[in-house]
file my_file-v3.cif (mmCIF, C-alpha atoms)
data_coords
#
loop_
_atom_site.label_atom_id
_atom_site.label_comp_id
_atom_site.auth_asym_id
_atom_site.auth_seq_id
_atom_site.Cartn_x
_atom_site.Cartn_y
_atom_site.Cartn_z
CA MET A 2 -16.84 20.03 18.37
CA THR A 3 -16.77 23.24 20.33
CA ILE A 4 -17.61 26.43 18.53
CA ILE A 5 -15.91 29.52 19.79
CA PRO A 6 -17.93 32.57 18.85
CA PHE A 7 -15.98 35.47 17.51
CA PRO A 8 -16.41 38.97 18.86
CA ALA A 9 -18.51 41.16 16.63
CA ARG A 10 -16.49 43.35 14.35
CA ALA A 11 -17.61 46.57 12.79
CA GLY A 12 -18.82 46.44 9.18
CA ARG A 13 -16.03 44.73 7.26
CA ARG A 14 -16.57 44.50 3.56
CA TYR A 15 -16.66 41.34 1.48
CA GLY A 16 -13.15 39.96 1.13
CA GLY A 17 -11.81 42.15 3.91
CA PRO A 18 -8.53 41.72 5.78
CA VAL A 19 -9.75 38.67 7.72
CA VAL A 20 -10.10 36.79 4.46
CA THR A 21 -6.79 37.95 3.03
CA GLU A 22 -4.93 37.05 6.19
CA ALA A 23 -6.39 33.58 6.09
CA MET A 24 -5.19 33.12 2.49
CA ALA A 25 -1.67 34.21 3.42
CA PHE A 26 -1.70 31.77 6.31
CA GLU A 27 -2.64 28.92 3.98
CA ASP A 28 0.22 29.63 1.60
CA GLU A 29 2.60 29.64 4.52
CA GLN A 30 1.11 26.32 5.62
CA ASP A 31 1.79 24.78 2.20
CA ASP A 32 5.40 25.90 2.42
CA ASN A 33 5.69 24.33 5.84
CA VAL A 34 4.37 20.99 4.61
CA GLN A 35 6.80 21.04 1.72
CA ALA A 36 9.72 21.84 4.03
CA LEU A 37 8.61 19.04 6.35
CA ALA A 38 8.62 16.58 3.44
CA ALA A 39 12.12 17.72 2.46
CA ARG A 40 13.39 17.18 5.99
CA LEU A 41 11.89 13.71 6.05
CA VAL A 42 13.59 12.79 2.79
CA GLU A 43 16.90 13.93 4.26
CA GLY A 44 16.42 11.51 7.14
CA ASP A 45 15.55 13.94 9.91
CA GLU A 46 13.88 11.84 12.61
CA THR A 47 12.10 14.82 14.16
CA ALA A 48 10.40 15.29 10.77
CA LEU A 49 8.94 11.80 11.12
CA GLU A 50 7.63 12.75 14.55
CA GLU A 51 5.92 15.80 13.09
CA VAL A 52 4.52 13.82 10.18
CA TYR A 53 3.18 11.28 12.66
CA ASP A 54 1.62 13.93 14.87
CA ARG A 55 -0.06 15.55 11.94
CA TRP A 56 -1.32 12.60 9.91
CA SER A 57 -1.51 9.57 12.20
CA ALA A 58 -5.17 10.31 12.93
CA LEU A 59 -5.92 10.42 9.19
CA VAL A 60 -4.14 7.11 8.54
CA HIS A 61 -5.59 5.47 11.63
CA THR A 62 -9.15 6.55 10.85
CA TYR A 63 -8.81 5.34 7.27
CA ALA A 64 -7.60 1.93 8.45
CA LEU A 65 -10.35 1.78 11.06
CA ARG A 66 -13.10 2.55 8.53
CA ALA A 67 -11.70 0.13 5.97
CA LEU A 68 -10.98 -2.78 8.33
CA HIS A 69 -13.52 -2.27 11.15
CA ASP A 70 -11.09 -3.60 13.70
CA PRO A 71 -9.19 -1.42 16.20
CA HIS A 72 -6.31 -3.84 16.54
CA ASP A 73 -5.74 -4.18 12.80
CA ALA A 74 -6.09 -0.41 12.41
CA GLU A 75 -3.34 0.14 14.96
CA ASP A 76 -1.09 -2.38 13.23
CA VAL A 77 -1.65 -0.76 9.87
CA THR A 78 -0.95 2.72 11.29
CA GLN A 79 2.33 1.55 12.75
CA GLN A 80 3.31 -0.21 9.52
CA VAL A 81 2.48 2.85 7.43
CA PHE A 82 4.76 5.19 9.36
CA VAL A 83 7.59 2.68 9.60
CA ALA A 84 7.27 2.03 5.84
CA ALA A 85 7.13 5.78 5.21
CA TRP A 86 10.41 6.22 7.03
CA ARG A 87 12.11 3.33 5.25
CA SER A 88 11.01 4.43 1.80
CA ARG A 89 11.32 8.17 2.45
CA HIS A 90 13.77 8.47 -0.47
CA THR A 91 10.91 7.87 -2.88
CA LEU A 92 8.99 10.94 -1.72
CA THR A 93 9.02 14.03 -3.92
CA PRO A 94 8.18 17.01 -1.70
CA SER A 95 5.10 19.02 -2.71
CA PRO A 96 2.27 20.48 -0.59
CA ALA A 97 -0.05 17.50 -1.07
CA ALA A 98 2.63 14.84 -1.36
CA LEU A 99 2.78 13.81 2.28
CA PRO A 100 -0.88 12.99 2.93
CA ALA A 101 -1.22 11.49 -0.57
CA TRP A 102 1.80 9.30 -0.06
CA LEU A 103 0.72 8.17 3.42
CA VAL A 104 -2.78 7.34 2.16
CA GLY A 105 -1.19 5.41 -0.71
CA ILE A 106 0.92 3.33 1.67
CA ALA A 107 -2.11 2.80 3.91
CA ARG A 108 -4.10 1.44 0.94
CA HIS A 109 -1.48 -1.23 0.36
CA LYS A 110 -1.32 -2.20 4.02
CA VAL A 111 -5.12 -2.43 4.22
CA ALA A 112 -5.10 -4.66 1.14
CA ASP A 113 -2.50 -6.91 2.82
CA VAL A 114 -4.68 -7.30 5.91
CA ARG A 115 -7.70 -8.10 3.74
CA ALA A 116 -5.73 -10.71 1.80
CA ALA A 117 -4.63 -12.34 5.06
CA ARG A 118 -8.21 -12.37 6.31
CA ALA A 119 -9.48 -13.87 3.09
CA ARG A 120 -6.96 -16.66 3.49
CA ASP A 121 -8.24 -17.37 6.96
CA ALA A 122 -11.84 -17.25 5.90
CA ASP A 123 -11.58 -19.48 2.88
CA ARG A 124 -8.14 -20.91 2.53
CA LEU A 125 -8.45 -22.83 -0.64
CA ALA A 126 -10.36 -20.17 -2.51
CA ALA A 127 -7.88 -17.52 -1.49
CA VAL A 128 -4.83 -19.64 -2.15
CA VAL A 129 -5.78 -20.48 -5.69
CA SER A 130 -6.79 -16.97 -6.65
CA LEU A 131 -3.61 -15.64 -8.11
CA PRO A 132 -2.23 -12.39 -6.74
CA GLY A 133 -3.30 -9.23 -8.48
CA ALA A 134 -7.02 -9.90 -8.39
CA ARG A 135 -8.73 -7.10 -6.54
CA ASP A 136 -12.17 -6.26 -5.40
CA ASP A 137 -12.94 -3.05 -7.26
CA THR A 138 -16.06 -2.25 -5.27
CA LEU A 139 -14.14 -2.47 -2.04
CA GLN A 140 -11.40 -0.32 -3.51
CA ALA A 141 -13.87 2.33 -4.64
CA ALA A 142 -15.40 2.45 -1.15
CA ASP A 143 -11.93 2.80 0.36
CA ASP A 144 -11.07 5.62 -2.02
CA GLU A 145 -14.27 7.45 -1.10
CA THR A 146 -13.45 7.02 2.60
CA ALA A 147 -9.95 8.33 2.03
CA GLU A 148 -11.23 11.42 0.20
CA ARG A 149 -13.75 12.26 2.88
CA LEU A 150 -11.08 11.96 5.53
CA VAL A 151 -8.67 14.10 3.53
CA VAL A 152 -11.37 16.79 3.33
CA ARG A 153 -11.99 16.50 7.05
CA GLN A 154 -8.29 16.88 7.75
CA ALA A 155 -8.01 19.83 5.36
CA VAL A 156 -10.80 21.64 7.23
CA GLU A 157 -9.13 20.97 10.55
CA ASP A 158 -5.91 22.40 9.18
CA LEU A 159 -7.58 25.68 8.22
CA PRO A 160 -6.93 28.76 10.34
CA ASP A 161 -9.81 30.19 12.31
CA PRO A 162 -12.28 31.75 11.73
CA ARG A 163 -12.45 29.90 8.40
CA ARG A 164 -12.26 26.53 10.10
CA THR A 165 -15.18 27.25 12.40
CA ILE A 166 -17.19 28.81 9.59
CA LEU A 167 -16.75 25.74 7.37
CA PHE A 168 -17.70 23.40 10.18
CA LEU A 169 -20.86 25.40 10.79
CA ALA A 170 -21.68 25.52 7.08
CA PHE A 171 -20.82 21.97 6.01
CA TRP A 172 -21.12 19.87 9.14
CA GLU A 173 -23.90 21.60 10.97
CA GLU A 174 -25.62 22.81 7.82
CA HIS A 175 -26.16 26.33 9.08
CA SER A 176 -27.13 29.06 6.63
CA HIS A 177 -24.66 31.84 5.93
CA ALA A 178 -26.88 34.29 7.77
CA GLU A 179 -26.98 32.04 10.84
CA ILE A 180 -23.21 31.71 10.78
CA ALA A 181 -22.75 35.45 10.43
CA GLU A 182 -24.89 35.87 13.51
CA LYS A 183 -23.01 33.18 15.46
CA VAL A 184 -19.46 34.25 14.71
CA GLY A 185 -20.19 37.96 14.60
CA LEU A 186 -18.85 38.58 11.12
CA PRO A 187 -20.63 40.30 8.25
CA LEU A 188 -22.59 38.08 5.88
CA GLY A 189 -20.29 38.94 2.96
CA THR A 190 -17.21 37.89 4.89
CA VAL A 191 -18.80 34.60 5.92
CA LYS A 192 -19.81 33.89 2.33
CA SER A 193 -16.30 34.60 1.14
CA HIS A 194 -14.80 32.32 3.80
CA VAL A 195 -17.10 29.48 2.81
CA ARG A 196 -16.33 29.86 -0.91
CA ARG A 197 -12.59 30.22 -0.48
CA GLY A 198 -12.61 27.43 2.07
CA LEU A 199 -14.32 25.19 -0.48
CA MET A 200 -11.70 26.14 -3.07
CA LYS A 201 -8.93 25.30 -0.63
CA LEU A 202 -10.46 21.90 0.14
CA HIS A 203 -10.74 21.23 -3.57
CA GLN A 204 -7.10 22.15 -4.09
CA GLN A 205 -6.04 19.85 -1.25
CA LEU A 206 -8.15 16.95 -2.49
CA GLU A 207 -6.93 17.36 -6.07
CA GLY A 208 -3.36 17.39 -4.81
CA VAL A 209 -3.89 14.14 -2.94
CA ARG A 210 -5.66 12.55 -5.92
CA HIS A 211 -2.93 13.59 -8.28
CA GLU A 212 -0.06 12.54 -6.03
CA SER A 213 -1.47 9.16 -5.09
CA ARG A 214 -2.07 8.16 -8.69
CA MET B 24 -17.61 36.25 -21.92
CA SER B 25 -14.34 35.18 -20.34
CA HIS B 26 -14.19 32.47 -17.71
CA VAL B 27 -15.86 33.04 -14.38
CA ASP B 28 -13.77 33.73 -11.29
CA PRO B 29 -13.41 30.39 -9.45
CA GLU B 30 -14.73 31.96 -6.28
CA GLN B 31 -18.03 32.67 -8.03
CA LEU B 32 -18.08 29.10 -9.28
CA ALA B 33 -17.58 27.91 -5.72
CA GLY B 34 -20.59 30.05 -4.85
CA LEU B 35 -22.63 28.34 -7.56
CA ALA B 36 -21.60 24.92 -6.25
CA LEU B 37 -22.92 25.88 -2.83
CA ASP B 38 -26.09 27.48 -4.14
CA PRO B 39 -26.96 27.13 -7.84
CA SER B 40 -29.21 30.19 -7.67
CA ASP B 41 -26.42 32.35 -6.30
CA GLY B 42 -24.80 34.91 -8.61
CA PRO B 43 -25.66 37.11 -11.57
CA ASP B 44 -27.53 35.63 -14.55
CA GLU B 45 -24.63 35.92 -17.00
CA VAL B 46 -22.35 34.04 -14.60
CA ARG B 47 -24.83 31.20 -14.28
CA GLU B 48 -25.39 31.06 -18.03
CA HIS B 49 -21.69 30.92 -18.71
CA ALA B 50 -21.13 28.22 -16.10
CA GLU B 51 -23.84 26.12 -17.75
CA THR B 52 -22.44 26.36 -21.25
CA CYS B 53 -18.67 26.51 -20.72
CA PRO B 54 -17.31 22.96 -20.19
CA GLU B 55 -14.33 24.20 -18.24
CA CYS B 56 -16.34 26.28 -15.77
CA ALA B 57 -19.06 23.62 -15.52
CA GLY B 58 -16.34 21.11 -14.70
CA LEU B 59 -15.04 23.27 -11.89
CA VAL B 60 -18.55 23.72 -10.45
CA ALA B 61 -18.99 19.94 -10.55
CA ALA B 62 -15.63 19.46 -8.83
CA PHE B 63 -16.53 21.93 -6.08
CA THR B 64 -19.90 20.20 -5.65
CA GLY B 65 -18.05 16.89 -5.27
CA VAL B 66 -15.86 18.36 -2.53
CA ARG B 67 -18.91 19.77 -0.74
CA ARG B 68 -20.51 16.32 -0.85
CA ARG B 69 -17.42 14.82 0.77
CA ALA B 70 -17.49 17.30 3.62
CA GLY B 71 -19.30 15.84 6.59
CA ALA B 72 -17.11 12.89 7.52
CA ASP B 73 -16.90 12.05 11.21
CA ALA B 74 -14.00 13.37 13.22
CA LEU B 75 -10.65 11.71 12.75
CA VAL B 76 -9.78 9.16 15.42
CA PRO B 77 -6.22 9.43 16.69
CA PRO B 78 -4.41 6.15 17.30
CA PRO B 79 -3.72 5.14 20.92
CA ALA B 80 -1.10 7.31 22.61
CA GLY B 81 1.45 4.50 22.96
CA LEU B 82 1.69 3.86 19.23
CA ARG B 83 3.91 6.88 18.55
CA ALA B 84 6.67 5.51 20.78
CA GLN B 85 6.35 2.09 19.13
CA VAL B 86 6.74 3.57 15.66
CA LEU B 87 9.80 5.58 16.67
CA ALA B 88 11.34 2.59 18.45
CA GLU B 89 10.86 0.38 15.40
CA VAL B 90 12.31 3.03 13.13
CA ARG B 91 15.39 3.44 15.33
CA ALA B 92 15.88 -0.31 15.65
CA GLY B 93 15.71 -0.62 11.85
CA ASP B 94 18.27 2.12 11.28
CA ALA B 95 20.72 0.47 13.64
CA ARG B 96 20.90 -2.57 11.37
CA PRO B 97 24.02 -2.46 9.21
CA GLN B 98 22.38 -3.39 5.92
CA SER B 99 18.95 -3.89 4.51
CA PRO B 100 18.23 -7.63 4.53
CA SER B 101 16.64 -7.38 1.10
CA ALA B 102 19.82 -6.17 -0.58
CA PRO B 103 20.88 -9.02 -2.84
CA VAL B 104 24.47 -10.15 -2.72
CA GLU B 105 25.68 -10.52 -6.27
CA PRO B 106 29.11 -11.11 -7.67
CA ALA B 107 30.59 -8.13 -9.45
CA PRO B 108 30.01 -8.59 -13.18
CA GLY B 109 32.91 -9.51 -15.41
CA ARG B 110 35.24 -10.31 -12.58
CA GLY B 111 36.18 -13.49 -10.73
CA VAL B 112 34.21 -16.72 -10.67
CA PRO B 113 30.43 -16.44 -10.38
CA LEU B 114 29.13 -17.90 -7.14
CA TRP B 115 27.03 -20.57 -8.80
CA LEU B 116 29.98 -21.73 -10.89
CA ALA B 117 32.17 -21.89 -7.79
CA GLY B 118 29.47 -24.08 -6.23
CA VAL B 119 29.46 -26.41 -9.20
CA ALA B 120 33.24 -26.63 -9.14
CA ALA B 121 33.22 -27.45 -5.44
CA ALA B 122 30.62 -30.17 -6.00
CA LEU B 123 32.63 -31.67 -8.84
CA ALA B 124 35.80 -31.63 -6.73
CA LEU B 125 33.92 -33.42 -3.98
CA LEU B 126 32.65 -36.05 -6.41
CA ALA B 127 36.12 -36.54 -7.80
CA GLY B 128 37.44 -36.95 -4.29
CA LEU B 129 34.84 -39.56 -3.49
CA GLY B 130 35.59 -41.43 -6.68
CA LEU B 131 39.32 -41.45 -5.99
CA GLY B 132 38.72 -42.59 -2.47
CA ARG B 133 36.69 -45.48 -3.68
CA ILE B 134 39.23 -46.46 -6.27
CA GLY B 135 41.92 -46.26 -3.61
CA THR B 136 40.07 -48.66 -1.31
CA GLY B 137 39.40 -51.00 -4.16
CA SER B 138 35.63 -50.53 -4.10
CA THR B 139 33.74 -52.43 -6.74
CA GLU B 140 31.00 -49.80 -7.00
CA THR B 141 30.72 -48.25 -10.39
CA PRO B 142 31.55 -44.55 -10.58
CA GLU B 143 28.11 -43.87 -12.11
CA ALA B 144 26.53 -44.51 -8.72
CA VAL B 145 27.66 -41.14 -7.44
CA GLU B 146 26.35 -39.18 -10.37
CA PRO B 147 23.85 -36.58 -9.22
CA PRO B 148 20.28 -37.57 -10.05
CA GLY B 149 19.70 -34.16 -11.64
CA ASP B 150 21.70 -35.19 -14.70
CA THR B 151 19.22 -37.75 -15.90
CA GLY B 152 15.92 -37.29 -17.65
CA THR B 153 14.53 -34.67 -19.95
CA VAL B 154 13.28 -31.34 -18.67
CA VAL B 155 9.85 -30.95 -20.25
CA ALA B 156 8.78 -27.83 -18.39
CA ALA B 157 10.27 -25.37 -15.91
CA THR B 158 9.46 -22.24 -14.01
CA ALA B 159 11.15 -19.74 -11.79
CA LEU B 160 9.61 -19.60 -8.31
CA ARG B 161 8.79 -16.23 -6.93
CA ALA B 162 7.37 -14.74 -3.76
CA LEU B 163 3.68 -13.78 -3.97
CA ASP B 164 3.93 -10.38 -2.38
CA SER B 165 6.93 -9.28 -4.43
CA ASP B 166 8.95 -10.39 -7.41
CA ALA B 167 11.68 -11.80 -5.18
CA GLU B 168 13.19 -14.98 -6.58
CA ARG B 169 12.64 -18.18 -4.67
CA GLY B 170 14.49 -20.72 -6.80
CA GLU B 171 13.03 -22.87 -9.54
CA ALA B 172 11.00 -25.95 -10.31
CA ARG B 173 11.39 -28.35 -13.22
CA ALA B 174 9.23 -31.10 -14.58
CA VAL B 175 11.48 -33.97 -15.65
CA GLN B 176 10.60 -37.06 -17.62
CA THR B 177 12.73 -40.17 -17.21
CA ASP B 178 11.59 -43.19 -19.19
CA ASP B 179 8.13 -43.79 -17.80
CA THR B 180 8.33 -41.73 -14.62
CA PHE B 181 7.57 -38.10 -14.24
CA THR B 182 9.00 -35.96 -11.45
CA ILE B 183 8.80 -32.39 -10.23
CA ARG B 184 12.20 -31.21 -9.03
CA VAL B 185 12.09 -28.25 -6.74
CA SER B 186 15.17 -26.26 -5.95
CA ALA B 187 13.96 -23.43 -3.77
CA SER B 188 15.82 -20.66 -2.04
CA GLU B 189 15.24 -18.00 0.57
CA LEU B 190 12.05 -19.53 1.87
CA GLY B 191 12.39 -17.65 5.15
CA ASP B 192 12.37 -19.01 8.66
CA GLU B 193 8.71 -18.98 9.52
CA PRO B 194 8.10 -22.00 11.77
CA GLY B 195 6.51 -25.02 10.15
CA VAL B 196 7.28 -27.42 7.33
CA HIS B 197 7.48 -26.53 3.65
CA GLU B 198 4.87 -28.35 1.65
CA VAL B 199 4.80 -28.49 -2.14
CA TRP B 200 1.50 -28.29 -4.01
CA LEU B 201 0.32 -28.35 -7.56
CA ILE B 202 -2.48 -25.89 -8.21
CA ASN B 203 -4.66 -26.39 -11.23
CA VAL B 204 -4.74 -23.48 -13.66
CA ASP B 205 -8.54 -23.60 -13.39
CA GLY B 206 -8.05 -21.97 -9.99
CA GLU B 207 -10.32 -24.51 -8.28
CA ARG B 208 -8.27 -27.57 -7.56
CA MET B 209 -5.02 -28.26 -5.81
CA ILE B 210 -3.10 -31.28 -4.62
CA SER B 211 -0.19 -31.78 -2.26
CA ILE B 212 2.79 -33.60 -3.73
CA GLY B 213 4.98 -33.76 -0.63
CA LEU B 214 7.30 -31.97 1.74
CA LEU B 215 10.65 -30.30 1.34
CA ALA B 216 12.03 -32.59 4.00
CA SER B 217 15.72 -31.76 3.81
CA GLY B 218 16.61 -28.19 3.03
CA ASP B 219 15.18 -26.46 0.00
CA GLU B 220 15.58 -29.30 -2.51
CA GLY B 221 13.02 -31.94 -3.27
CA GLU B 222 12.00 -34.39 -5.96
CA PHE B 223 8.42 -35.56 -6.28
CA ALA B 224 7.12 -38.27 -8.56
CA VAL B 225 3.70 -37.34 -9.92
CA PRO B 226 1.37 -38.97 -12.43
CA MET B 227 1.76 -37.36 -15.84
CA GLU B 228 -2.03 -37.01 -16.10
CA LEU B 229 -2.01 -34.36 -13.40
CA ILE B 230 0.04 -32.02 -15.52
CA GLU B 231 -2.15 -32.78 -18.51
CA GLN B 232 -5.20 -31.91 -16.43
CA GLY B 233 -3.78 -28.47 -15.72
CA TYR B 234 -1.99 -28.95 -12.38
CA ARG B 235 0.88 -26.81 -13.50
CA ILE B 236 1.28 -24.17 -10.78
CA VAL B 237 3.95 -25.19 -8.29
CA ASP B 238 3.27 -23.68 -4.88
CA ILE B 239 5.28 -23.93 -1.67
CA SER B 240 3.48 -23.30 1.59
CA VAL B 241 4.47 -23.07 5.21
CA GLU B 242 2.41 -25.57 7.19
CA PRO B 243 2.11 -25.32 10.94
CA GLU B 244 2.17 -28.67 12.73
CA ASP B 245 -1.50 -28.47 13.64
CA GLY B 246 -2.78 -31.72 12.17
CA ASP B 247 -4.78 -29.87 9.52
CA PRO B 248 -4.01 -31.45 6.15
CA THR B 249 -5.31 -28.51 4.10
CA HIS B 250 -3.20 -25.70 2.73
CA SER B 251 -2.36 -23.21 5.47
CA GLY B 252 -2.94 -20.28 3.16
CA VAL B 253 0.61 -19.10 3.62
CA SER B 254 2.26 -19.47 0.23
CA ILE B 255 5.90 -18.43 0.11
CA ALA B 256 6.78 -19.29 -3.47
CA ARG B 257 4.94 -19.99 -6.67
CA GLY B 258 5.51 -20.48 -10.37
CA GLU B 259 3.67 -21.94 -13.34
CA LEU B 260 5.38 -24.74 -15.25
CA ALA B 261 5.66 -23.94 -18.92
#
call {"tool": "encode", "arguments": {"input": "my_file-v3.cif", "output": "structure tokens"}}
result
Amino acid sequence: MTIIPFPARAGRRYGGPVVTEAMAFEDEQDDNVQALAARLVEGDETALEEVYDRWSALVHTYALRALHDPHDAEDVTQQVFVAAWRSRHTLTPSPAALPAWLVGIARHKVADVRAARARDADRLAAVVSLPGARDDTLQAADDETAERLVVRQAVEDLPDPRRTILFLAFWEEHSHAEIAEKVGLPLGTVKSHVRRGLMKLHQQLEGVRHESR
Amino acid sequence: MSHVDPEQLAGLALDPSDGPDEVREHAETCPECAGLVAAFTGVRRRAGADALVPPPAGLRAQVLAEVRAGDARPQSPSAPVEPAPGRGVPLWLAGVAAALALLAGLGLGRIGTGSTETPEAVEPPGDTGTVVAATALRALDSDAERGEARAVQTDDTFTIRVSASELGDEPGVHEVWLINVDGERMISIGLLASGDEGEFAVPMELIEQGYRIVDISVEPEDGDPTHSGVSIARGELA
């Protein structure tokens, strides 16, 4: 990750315009996602292209972490977006609906690949185990992976400087004072970005949890 | 005091010592605020995942090509064709009528040529015996119907009659198995050699031992006598 330092600004107060602008940007972003979902439901192919561009890395990484095989991960990614297009009528547009829905489809596709592998590994055992049985531990691990990736994606979607500030705070574990120094913003502003950023990530994650239930 | 501003709770999640005393006290005692702090802490814990890995560049074109190819098809292959209710002759009944007409024709033909064969000889075998158990066959990955299986007792013989449908065109032969309800044993009872119909004599004891799940698999011609793992239809006799 490259960190672009921000030019020093004269003494802005806690919650100054930088913070407010970032909040406005996020609301606009939510509206955009919702509009994108609506276009997809209507059958707009360019909407699928945008959905792919925005979330294929999330889906692909999830499949890669769950299956540990690049080829299978590619297959699953392709299947997810084709399935998303074919079942687009079932999508109810909301800000978190798209990623939640895509992750939900990906879960099923990953489970299919696992079932096929289990058959290869131990044919008889797999054949006789009736469908519906599921490895809960594996599922819990997958869910945790999905949530971490959703958080990662949500941070990447944030407007700068919040995005950079959150990366410094959460990924590089810098203190608020260090970040303030690095990005050239007042300590109060940095603190506010980190807190509001955390709230935004929470909102995004909750949305995905709720929608994929 | 009233609830704490969520932003202050986010601050507490990041640093429990951050914030005025009364805010911290409230967040410790109010279940709602404590819950939000815990939720924020959970999000913080999940931050730190490695960067997302984009799929290979060529995949986008493949997805779009597959989507366009699919849309060009006139109708979804999964759409079932069903006769309109309350109108005309149901398809299955038309089939029965056609079969009866054919039988009648054969019988007449034989009478006309002075054949000495008894008419009973052309009776379909399905009309004899007592059905002691039956099941609908269904796909494993969906609830799609795949025909039915019946266990029929005739005097001292016991047969499994399979009448499958829509088994797909995956290459290989269709093999019929009985899986024990204990989930540990299975036995092959034969192949669907001609079309989707088959009749298999089995010892009655098998059913009594719990071999009641009828399973149809696709078997590649690879010389391996074990189940391929690809089950296309299944149902439990009851």
call {"tool": "interface_residues", "arguments": {"input": "my_file-v3.cif", "of": "chain B", "to": "chain A", "cutoff": "7 Å", "atoms": "all atoms listed in the file", "output": "ChimeraX atom specification"}}
result
/B:30,33-34,63,66,69-72,75-78,82,86,90,163,202,206-207,250-252
call {"tool": "write_last_selection", "arguments": {"input": "my_file-v3.cif", "atoms": "C-alpha atoms", "output": "mmCIF file, in the frame of the given file"}}
result
data_model
loop_
_atom_site.group_PDB
_atom_site.id
_atom_site.type_symbol
_atom_site.label_atom_id
_atom_site.label_comp_id
_atom_site.auth_asym_id
_atom_site.auth_seq_id
_atom_site.Cartn_x
_atom_site.Cartn_y
_atom_site.Cartn_z
ATOM 1 C CA GLU B 30 -14.730 31.960 -6.280
ATOM 2 C CA ALA B 33 -17.580 27.910 -5.720
ATOM 3 C CA GLY B 34 -20.590 30.050 -4.850
ATOM 4 C CA PHE B 63 -16.530 21.930 -6.080
ATOM 5 C CA VAL B 66 -15.860 18.360 -2.530
ATOM 6 C CA ARG B 69 -17.420 14.820 0.770
ATOM 7 C CA ALA B 70 -17.490 17.300 3.620
ATOM 8 C CA GLY B 71 -19.300 15.840 6.590
ATOM 9 C CA ALA B 72 -17.110 12.890 7.520
ATOM 10 C CA LEU B 75 -10.650 11.710 12.750
ATOM 11 C CA VAL B 76 -9.780 9.160 15.420
ATOM 12 C CA PRO B 77 -6.220 9.430 16.690
ATOM 13 C CA PRO B 78 -4.410 6.150 17.300
ATOM 14 C CA LEU B 82 1.690 3.860 19.230
ATOM 15 C CA VAL B 86 6.740 3.570 15.660
ATOM 16 C CA VAL B 90 12.310 3.030 13.130
ATOM 17 C CA LEU B 163 3.680 -13.780 -3.970
ATOM 18 C CA ILE B 202 -2.480 -25.890 -8.210
ATOM 19 C CA GLY B 206 -8.050 -21.970 -9.990
ATOM 20 C CA GLU B 207 -10.320 -24.510 -8.280
ATOM 21 C CA HIS B 250 -3.200 -25.700 2.730
ATOM 22 C CA SER B 251 -2.360 -23.210 5.470
ATOM 23 C CA GLY B 252 -2.940 -20.280 3.160
#
call {"tool": "axis_aligned_box", "arguments": {"input": "my_file-v3.cif", "around": "region 68-83 of chain A", "padding_each_side": "8 Å", "output": "AutoDock Vina command-line options"}}
result
--center_x -3.0 --center_y 0.5 --center_z 12.0 --size_x 37.1 --size_y 25.4 --size_z 25.1
call {"tool": "residues_around", "arguments": {"input": "my_file-v3.cif", "residues": "Val111 (chain A)", "least_positions_apart": "5", "cutoff": "8 Å", "atoms": "all atoms listed in the file", "output": "list of chain:residue names"}}
result
A:Ala64, A:Ala67, A:Leu68, A:Val77
call {"tool": "closest_residue", "arguments": {"input": "my_file-v3.cif", "among": "B:Val27, B:Ala256, B:Ala61, B:Ala162", "to": "Val46 (chain B)", "atoms": "only C-alpha atoms"}}
result
B:Val27
call {"tool": "residues_around", "arguments": {"input": "my_file-v3.cif", "residues": "Leu215 (chain B)", "least_positions_apart": "4", "cutoff": "8 Å", "atoms": "only C-alpha atoms", "output": "ChimeraX atom specification"}}
result
/B:196-199,219-221
call {"tool": "atom_distance", "arguments": {"input": "my_file-v3.cif", "atom1": "CA of Arg115 (chain A)", "atom2": "CA of Ile239 (chain B)"}}
result
21.2 Å
call {"tool": "residues_near_point", "arguments": {"input": "my_file-v3.cif", "point": "(8.0, 10.4, -0.5)", "cutoff": "8 Å", "atoms": "only C-alpha atoms", "output": "PyMOL selection string"}}
result
chain A and resi 38+42+85+88-94+98-99+102
call {"tool": "closest_residue", "arguments": {"input": "my_file-v3.cif", "among": "B:Leu190, B:Ala216, B:Ala167, B:Ala224", "to": "Ser240 (chain B)", "atoms": "all atoms listed in the file"}}
result
B:Leu190
call {"tool": "closest_residue", "arguments": {"input": "my_file-v3.cif", "among": "A:Ala107, A:Ala116, A:Ala142, A:Ile180", "to": "Ser254 (chain B)", "atoms": "only C-alpha atoms"}}
result
A:Ala116
call {"tool": "closest_residue", "arguments": {"input": "my_file-v3.cif", "among": "B:Ala50, B:Leu35, B:Ala57, B:Met227", "to": "Asp178 (chain B)", "atoms": "all atoms listed in the file"}}
result
B:Met227
call {"tool": "atom_distance", "arguments": {"input": "my_file-v3.cif", "atom1": "CA of Gly58 (chain B)", "atom2": "CA of Arg108 (chain A)"}}
result
28.0 Å
call {"tool": "decode", "arguments": {"input": "my_file-v3.cif", "residues": "region 197-209 of chain A", "atoms": "C-alpha atoms", "output": "PDB file, in the first residue's frame"}}
result
ATOM      1  CA  ARG A 197     -16.445   7.766  12.097  1.00  0.00           C
ATOM      2  CA  GLY A 198     -14.591   5.395   9.816  1.00  0.00           C
ATOM      3  CA  LEU A 199     -15.115   2.620  12.360  1.00  0.00           C
ATOM      4  CA  MET A 200     -18.820   3.489  12.537  1.00  0.00           C
ATOM      5  CA  LYS A 201     -19.066   3.339   8.760  1.00  0.00           C
ATOM      6  CA  LEU A 202     -17.369  -0.070   8.644  1.00  0.00           C
ATOM      7  CA  HIS A 203     -19.761  -1.295  11.312  1.00  0.00           C
ATOM      8  CA  GLN A 204     -22.735  -0.046   9.321  1.00  0.00           C
ATOM      9  CA  GLN A 205     -21.455  -1.769   6.185  1.00  0.00           C
ATOM     10  CA  LEU A 206     -20.761  -5.046   7.967  1.00  0.00           C
ATOM     11  CA  GLU A 207     -24.150  -5.020   9.700  1.00  0.00           C
ATOM     12  CA  GLY A 208     -25.812  -4.386   6.354  1.00  0.00           C
ATOM     13  CA  VAL A 209     -24.059  -7.376   4.817  1.00  0.00           C
TER      14      VAL A 209
END
